[in-house]
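Note: the block below is target01.csv and it holds CSV, C-alpha atoms and all ligand atoms.
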```csv
chain,number,residue,atom,x,y,z
J,244,MET,CA,78.8,126.2,114.1
J,245,SER,CA,76.8,124.8,111.2
J,246,LEU,CA,77.7,121.7,109.3
J,247,VAL,CA,75.7,120.3,106.4
J,248,LEU,CA,76.4,116.9,104.8
J,249,TYR,CA,75.3,116.0,101.3
J,250,HIS,CA,75.5,112.2,101.1
J,251,GLY,CA,73.9,108.9,100.2
J,252,TRP,CA,73.3,106.1,102.7
J,253,THR,CA,75.0,103.4,100.6
J,254,SER,CA,77.7,105.6,99.0
J,255,SER,CA,81.1,104.5,100.1
J,256,ALA,CA,82.7,107.9,100.1
J,257,SER,CA,79.7,109.2,102.1
J,258,ARG,CA,80.0,106.4,104.6
J,259,ARG,CA,83.6,107.3,105.2
J,260,VAL,CA,82.7,110.9,106.1
J,261,ARG,CA,79.7,109.9,108.2
J,262,LEU,CA,81.9,107.5,110.3
J,263,PHE,CA,84.5,110.2,110.7
J,264,LEU,CA,81.9,112.8,111.8
J,265,GLU,CA,80.4,110.3,114.3
J,266,GLU,CA,83.8,109.5,115.7
J,267,LYS,CA,84.3,113.2,116.3
J,268,GLY,CA,80.9,113.4,118.0
J,269,LEU,CA,79.7,116.1,115.6
J,270,THR,CA,76.1,116.8,114.7
J,271,TYR,CA,75.2,117.8,111.2
J,272,GLU,CA,72.3,118.5,109.0
J,273,SER,CA,71.8,115.6,106.6
J,274,HIS,CA,70.9,116.1,102.9
J,275,GLU,CA,70.4,112.9,101.1
J,276,ILE,CA,71.3,112.9,97.4
J,277,ASP,CA,69.6,110.2,95.2
J,278,LEU,CA,72.3,108.9,92.9
J,279,ALA,CA,69.9,106.8,90.7
J,280,ALA,CA,67.9,110.0,90.1
J,281,GLN,CA,71.1,111.9,89.2
J,282,GLN,CA,70.6,114.5,91.9
J,283,GLN,CA,74.4,114.7,92.0
J,284,HIS,CA,74.4,116.2,88.5
J,285,SER,CA,71.8,118.9,89.2
J,286,PRO,CA,72.9,122.5,88.7
J,287,GLU,CA,72.2,123.2,92.4
J,288,TYR,CA,74.5,120.4,93.6
J,289,LEU,CA,77.2,121.1,91.0
J,290,ARG,CA,77.5,124.5,92.7
J,291,ILE,CA,78.4,122.7,95.9
J,292,ASN,CA,80.6,120.0,94.3
J,293,PRO,CA,81.7,120.7,90.8
J,294,ASN,CA,82.8,117.1,90.4
J,295,GLY,CA,79.1,115.9,90.6
J,296,VAL,CA,79.7,113.2,93.2
J,297,ILE,CA,78.9,112.8,96.8
J,298,PRO,CA,79.8,113.6,99.6
J,299,ALA,CA,80.2,117.3,100.1
J,300,ILE,CA,79.9,119.4,103.2
J,301,ILE,CA,79.0,123.0,103.9
J,302,HIS,CA,80.7,124.2,107.0
J,303,ASP,CA,79.8,127.7,108.2
J,304,GLY,CA,78.6,128.6,104.7
J,305,ARG,CA,81.7,127.2,102.9
J,306,ALA,CA,81.5,124.2,100.6
J,307,LEU,CA,84.1,121.4,100.5
J,308,HIS,CA,84.3,118.2,98.5
J,309,GLU,CA,86.4,115.0,98.3
J,310,SER,CA,85.8,112.6,101.2
J,311,ALA,CA,89.5,112.4,102.4
J,312,THR,CA,90.0,116.1,102.2
J,313,ILE,CA,86.8,116.7,104.2
J,314,CYS,CA,88.0,114.3,106.9
J,315,GLU,CA,91.4,115.9,107.2
J,316,TYR,CA,89.7,119.4,107.3
J,317,ILE,CA,87.4,118.2,110.0
J,318,ASP,CA,90.3,116.8,112.0
J,319,GLU,CA,92.0,120.2,111.9
J,320,VAL,CA,89.0,122.2,112.8
J,321,PHE,CA,87.7,119.8,115.5
J,322,PRO,CA,90.9,118.3,116.8
J,323,GLU,CA,89.4,116.1,119.5
J,324,PRO,CA,89.6,113.2,119.4
J,325,PRO,CA,92.5,113.2,117.0
J,326,LEU,CA,91.9,110.9,114.0
J,327,CYS,CA,95.1,111.6,112.0
J,328,PRO,CA,98.5,110.5,113.2
J,329,SER,CA,100.5,113.3,115.0
J,330,ASP,CA,103.8,112.0,113.6
J,331,PRO,CA,104.4,113.8,110.3
J,332,TYR,CA,105.9,110.6,108.7
J,333,ASP,CA,102.9,108.5,109.7
J,334,ARG,CA,100.6,111.3,108.6
J,335,ALA,CA,102.3,111.3,105.2
J,336,ARG,CA,102.0,107.5,105.0
J,337,MET,CA,98.3,107.8,105.9
J,338,ARG,CA,97.8,110.2,103.0
J,339,ASN,CA,99.5,107.9,100.5
J,340,TRP,CA,97.4,105.0,101.8
J,341,VAL,CA,94.1,106.9,101.4
J,342,ARG,CA,95.1,108.0,97.9
J,343,HIS,CA,95.9,104.3,97.1
J,344,VAL,CA,92.5,103.2,98.4
J,345,ASP,CA,90.7,106.0,96.5
J,346,GLY,CA,92.4,104.8,93.3
J,347,LEU,CA,90.6,101.5,93.7
J,348,ILE,CA,87.1,103.0,93.9
J,349,GLY,CA,86.3,102.0,90.3
J,350,ASN,CA,86.5,98.3,91.4
J,351,LEU,CA,83.8,98.9,94.0
J,352,ILE,CA,81.6,100.9,91.7
J,353,ARG,CA,81.4,98.0,89.3
J,354,PHE,CA,79.6,96.0,92.0
J,355,ASN,CA,77.7,98.8,93.7
J,356,TRP,CA,76.2,100.3,90.6
J,357,ARG,CA,74.7,97.0,89.5
J,358,HIS,CA,72.4,97.2,92.5
J,359,ARG,CA,71.8,100.9,92.8
J,360,ILE,CA,72.0,102.5,89.3
J,361,GLN,CA,71.8,99.9,86.6
J,362,LYS,CA,68.0,99.4,86.5
J,363,ARG,CA,67.4,103.2,86.2
J,364,ALA,CA,70.2,103.7,83.7
J,365,GLU,CA,69.0,100.8,81.5
J,366,SER,CA,65.4,102.2,81.4
J,367,MET,CA,66.6,105.5,79.8
J,368,SER,CA,66.1,106.1,76.1
J,369,ASP,CA,69.3,106.9,74.2
J,370,GLU,CA,68.3,110.6,74.1
J,371,GLU,CA,67.7,110.7,77.9
J,372,LEU,CA,70.9,108.9,78.5
J,373,GLU,CA,73.0,111.3,76.3
J,374,GLN,CA,71.3,114.4,77.9
J,375,MET,CA,72.1,113.0,81.4
J,376,ILE,CA,75.7,112.1,80.5
J,377,ALA,CA,76.3,115.6,79.1
J,378,ARG,CA,75.8,117.0,82.6
J,379,ILE,CA,78.5,114.7,84.2
J,380,PRO,CA,81.8,116.5,84.7
J,381,SER,CA,84.2,113.6,84.8
J,382,PRO,CA,85.0,111.5,81.6
J,383,GLU,CA,85.5,108.4,83.8
J,384,ARG,CA,82.0,108.7,85.3
J,385,ARG,CA,80.4,109.4,81.9
J,386,GLU,CA,82.0,106.1,80.7
J,387,ALA,CA,80.8,104.3,83.9
J,388,TRP,CA,77.2,105.5,83.3
J,389,ARG,CA,77.3,104.5,79.6
J,390,ARG,CA,78.6,101.0,80.6
J,391,VAL,CA,76.0,100.4,83.3
J,392,ALA,CA,73.2,101.6,81.0
J,393,ARG,CA,74.1,99.8,77.8
J,394,ASN,CA,77.0,97.4,78.2
J,395,PRO,CA,77.1,96.1,81.8
J,396,TYR,CA,80.4,94.9,83.2
J,397,THR,CA,81.2,91.3,82.2
J,398,GLU,CA,81.9,88.5,84.6
J,399,THR,CA,85.6,88.7,83.6
J,400,GLU,CA,85.7,92.4,84.5
J,401,LEU,CA,84.0,91.8,87.8
J,402,ALA,CA,86.4,88.9,88.6
J,403,GLN,CA,89.3,91.3,87.9
J,404,SER,CA,87.8,93.9,90.3
J,405,ARG,CA,87.2,91.2,92.9
J,406,SER,CA,90.8,90.2,92.7
J,407,ASN,CA,92.0,93.8,93.0
J,408,LEU,CA,89.9,94.2,96.1
J,409,GLU,CA,91.1,90.9,97.6
J,410,ALA,CA,94.7,92.2,97.0
J,411,LEU,CA,93.7,95.3,99.0
J,412,VAL,CA,92.7,93.1,102.0
J,413,ARG,CA,96.0,91.2,101.8
J,414,GLU,CA,97.8,94.5,101.8
J,415,MET,CA,95.9,95.6,104.9
J,416,GLU,CA,96.8,92.3,106.6
J,417,SER,CA,100.5,93.0,106.1
J,418,MET,CA,100.2,96.6,107.3
J,419,MET,CA,98.4,95.9,110.7
J,420,THR,CA,100.5,96.9,113.7
J,421,GLY,CA,98.9,97.0,117.1
J,422,GLY,CA,95.5,96.3,115.6
J,423,TRP,CA,95.4,99.4,113.3
J,424,LEU,CA,96.7,100.2,109.9
J,425,ILE,CA,99.2,103.0,110.5
J,426,GLY,CA,101.1,104.2,113.6
J,427,GLY,CA,99.4,101.7,116.0
J,428,ALA,CA,96.3,103.9,116.5
J,429,TYR,CA,92.8,104.2,115.0
J,430,SER,CA,92.9,106.9,112.4
J,431,LEU,CA,91.6,108.1,109.0
J,432,ALA,CA,93.8,105.3,107.5
J,433,ASP,CA,91.3,102.8,109.0
J,434,ILE,CA,88.2,104.8,108.5
J,435,ALA,CA,89.0,105.4,104.8
J,436,VAL,CA,88.9,101.7,104.0
J,437,VAL,CA,85.9,100.7,106.2
J,438,PRO,CA,83.3,101.1,103.3
J,439,PHE,CA,85.4,98.9,101.1
J,440,ILE,CA,85.7,96.1,103.7
J,441,ALA,CA,81.9,96.5,104.4
J,442,ARG,CA,81.2,95.6,100.8
J,443,ILE,CA,83.9,93.0,100.4
J,444,SER,CA,82.9,91.1,103.5
J,445,GLU,CA,79.2,91.4,102.6
J,446,GLU,CA,79.0,90.4,99.0
J,447,ILE,CA,82.1,90.8,96.9
J,448,SER,CA,84.4,88.3,98.6
J,449,PRO,CA,83.2,87.3,102.1
J,450,SER,CA,86.0,84.7,102.5
J,451,ALA,CA,88.7,87.4,102.2
J,452,VAL,CA,87.5,88.8,105.6
J,453,THR,CA,87.7,85.6,107.6
J,454,GLN,CA,90.0,84.4,110.4
J,455,ALA,CA,91.4,81.6,108.2
J,456,VAL,CA,92.4,84.0,105.3
J,457,ASN,CA,93.2,87.4,106.8
J,458,PRO,CA,93.0,87.1,110.6
J,459,LYS,CA,94.3,90.5,111.5
J,460,VAL,CA,91.8,92.3,109.2
J,461,THR,CA,89.0,90.1,110.5
J,462,LYS,CA,89.8,91.1,114.1
J,463,TRP,CA,90.1,94.8,113.0
J,464,TRP,CA,86.7,94.6,111.2
J,465,ALA,CA,85.1,93.2,114.3
J,466,ALA,CA,86.6,96.0,116.5
J,467,ILE,CA,85.4,98.7,114.0
J,468,GLN,CA,81.9,97.3,113.9
J,469,ALA,CA,81.8,97.3,117.7
J,470,ARG,CA,82.5,101.0,117.9
J,471,PRO,CA,79.4,103.1,118.9
J,472,ALA,CA,80.2,105.5,116.0
J,473,PHE,CA,79.8,102.7,113.5
J,474,GLU,CA,76.2,102.1,114.4
J,475,ARG,CA,75.5,105.9,114.4
J,476,ALA,CA,77.1,106.2,111.0
J,477,ARG,CA,74.6,103.7,109.6
J,478,ILE,CA,76.9,101.6,107.5
J,479,ASP,CA,74.1,99.1,107.2
J,480,PRO,CA,74.4,96.1,104.8
J,481,PHE,CA,74.4,97.6,101.3
J,482,MET,CA,71.9,95.1,99.9
J,483,THR,CA,69.2,95.9,102.4
J,484,ALA,CA,70.0,99.6,103.1
W,501,LIG,N1,86.9,110.8,95.3
W,501,LIG,C1,85.6,111.1,95.6
W,501,LIG,C2,84.7,110.0,95.1
W,501,LIG,C3,83.3,110.3,95.3
W,501,LIG,C4,82.4,109.2,94.6
W,501,LIG,O1,82.8,108.5,93.8
W,501,LIG,N2,81.1,109.2,95.0
W,501,LIG,C5,80.2,108.3,94.4
W,501,LIG,C6,79.4,107.6,95.5
W,501,LIG,S1,80.5,106.7,96.5
W,501,LIG,C7,79.2,109.1,93.5
W,501,LIG,O2,78.8,110.2,93.8
W,501,LIG,N3,78.8,108.5,92.4
W,501,LIG,C8,77.8,109.0,91.5
W,501,LIG,C9,78.3,109.3,90.2
W,501,LIG,O3,79.4,109.1,89.9
W,501,LIG,O4,77.4,109.7,89.4
W,501,LIG,C10,85.5,111.2,97.2
W,501,LIG,O5,86.2,110.5,97.8
W,501,LIG,O6,84.7,112.1,97.7
```
Now that the file is in, can you turn its structure into structure tokens?
Ligand SMILES: N[C@@H](CCC(=O)N[C@@H](CS)C(=O)NCC(=O)O)C(=O)O
Amino acid sequence: MSLVLYHGWTSSASRRVRLFLEEKGLTYESHEIDLAAQQQHSPEYLRINPNGVIPAIIHDGRALHESATICEYIDEVFPEPPLCPSDPYDRARMRNWVRHVDGLIGNLIRFNWRHRIQKRAESMSDEELEQMIARIPSPERREAWRRVARNPYTETELAQSRSNLEALVREMESMMTGGWLIGGAYSLADIAVVPFIARISEEISPSAVTQAVNPKVTKWWAAIQARPAFERARIDPFMTA
């Protein structure tokens, strides 16, 4: 079996897949992609993931992208320990939940790119910027790079994103049953949102993940961080990672 992971240490979607792989006890070859240097837009990487984002895997010579799809695939190919609910209804709810979480990634990007991409993007000449943007497959990401390079997100936009992410934590609080998000067991539903909570609790809105505000999520977050796989996945504080 050969498994190669293309990822970034601070990329949220990559962190999700790393945690999933570590929970499965799988070993993989690690290929770091430097987002600030736009390695994700290189012709070689676009052959692996035509969307030009990380993560991607190559399993036994075949490439696959999209973090949630990768995790579900891994769960099918390596069934132990199971990390997707066995009940079809719970599995369907898990998929809707992950899709919902993925739809909020733009809110996280506004905060993350300030630290990881803005400096490099700002230093580009207009010509360099346009040449680089021409290689980006998705119109949303072209716009995000233009914004971060020339017209950084305003405090009002960041406040809106913060509020959207706080609403996500409240939603999680109302979903918790038996300590986990769906079906009373640890699953991809939980793993999918770990990188979001890591950033919210660290910088974006630390008070949202406190006993006084969202006690069930706070307990859940402590339980996740105590898992051996969490340390192995290296979901280190974003600001120092
Ligand atoms: N839906 C994708 C999102 C992947 C994604 O947005 N990756 C980010 C890092 S977390 C990325 O590669 N950003 C660089 C860029 O957009 O240029 C997934 O879940 O795999």
Closest pair table for chain J residues within 6 Å of ligand LIG 501 (chain W), all atoms listed in the file, as a Markdown table:
```
| residue | atom | partner | partner_atom | distance |
| --- | --- | --- | --- | --- |
| J:Ser254 | CA | W:LIG501 | S1 | 3.9 |
| J:Ser255 | CA | W:LIG501 | S1 | 4.3 |
| J:Ala256 | CA | W:LIG501 | S1 | 4.4 |
| J:Leu278 | CA | W:LIG501 | C8 | 5.7 |
| J:Val296 | CA | W:LIG501 | O2 | 3.2 |
| J:Ile297 | CA | W:LIG501 | O2 | 4.0 |
| J:Pro298 | CA | W:LIG501 | O6 | 5.5 |
| J:Glu309 | CA | W:LIG501 | O6 | 3.4 |
| J:Ser310 | CA | W:LIG501 | O6 | 3.7 |
| J:Ala311 | CA | W:LIG501 | O5 | 6.0 |
| J:Arg384 | CA | W:LIG501 | O3 | 5.3 |
```
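Compared by their closest atoms to Leu248 (chain J), and using all atoms listed in the file, the residues J:Asn292, J:Gln281, J:Gln454, J:Asn355 rank with J:Asn292 nearest.
The nearest approach to Ile434 (chain J) among the residues J:Arg477, J:His250, J:Arg353, J:Arg261, with only C-alpha atoms taken into account, belongs to J:Arg261.
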Requested in this report: Identify, on the basis of all atoms listed in the file, every residue whose closest approach to Tyr332 (chain J) does not exceed 10 Å; exclude the query and any residue fewer than 5 positions from it along the same chain; express the result as a ChimeraX atom specification.
Outcome: /J:337-338,426
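The spacing separating CA of Ile276 (chain J) from CA of Trp340 (chain J) amounts to 27.6 Å.
For Ile376 (chain J), the non-local neighbours within 8 Å, defined as residues at least 5 positions apart in the same chain or in other chains and counting only C-alpha atoms, are Arg385, Trp388 and Arg389 of chain J.
Proximity to Leu264 (chain J) was assessed for J:Glu287, J:Asp479, J:Asp303, J:Glu323 counting only C-alpha atoms; the smallest distance is recorded for J:Glu323.
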Report task. Give the answer as one residue: which of J:Ser430, J:Ser444, J:Ser417, J:Asn350 has the shortest atom-to-atom distance to Lys459 (chain J), using all atoms listed in the file? Result -> J:Ser417
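Candidate residues J:Val341, J:Glu275, J:Val452, J:Glu398 were compared for distance to Ala435 (chain J), and the nearest is J:Val341, using only C-alpha atoms.
Here CA of Ser406 (chain J) is placed at a distance of 16.7 Å from CA of Val460 (chain J).
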**Report entry** Distance query 9 Å from (71.2, 114.4, 109.0) using all atoms listed in the file, result as number ranges by chain
**Finding:** J: 247-249, 270-275
Report summary line: Min atom-atom distance to Leu372 (chain J) from the set J:Val437, J:Ala451, J:Ile443, J:Val391, counting only C-alpha atoms, belongs to J:Val391
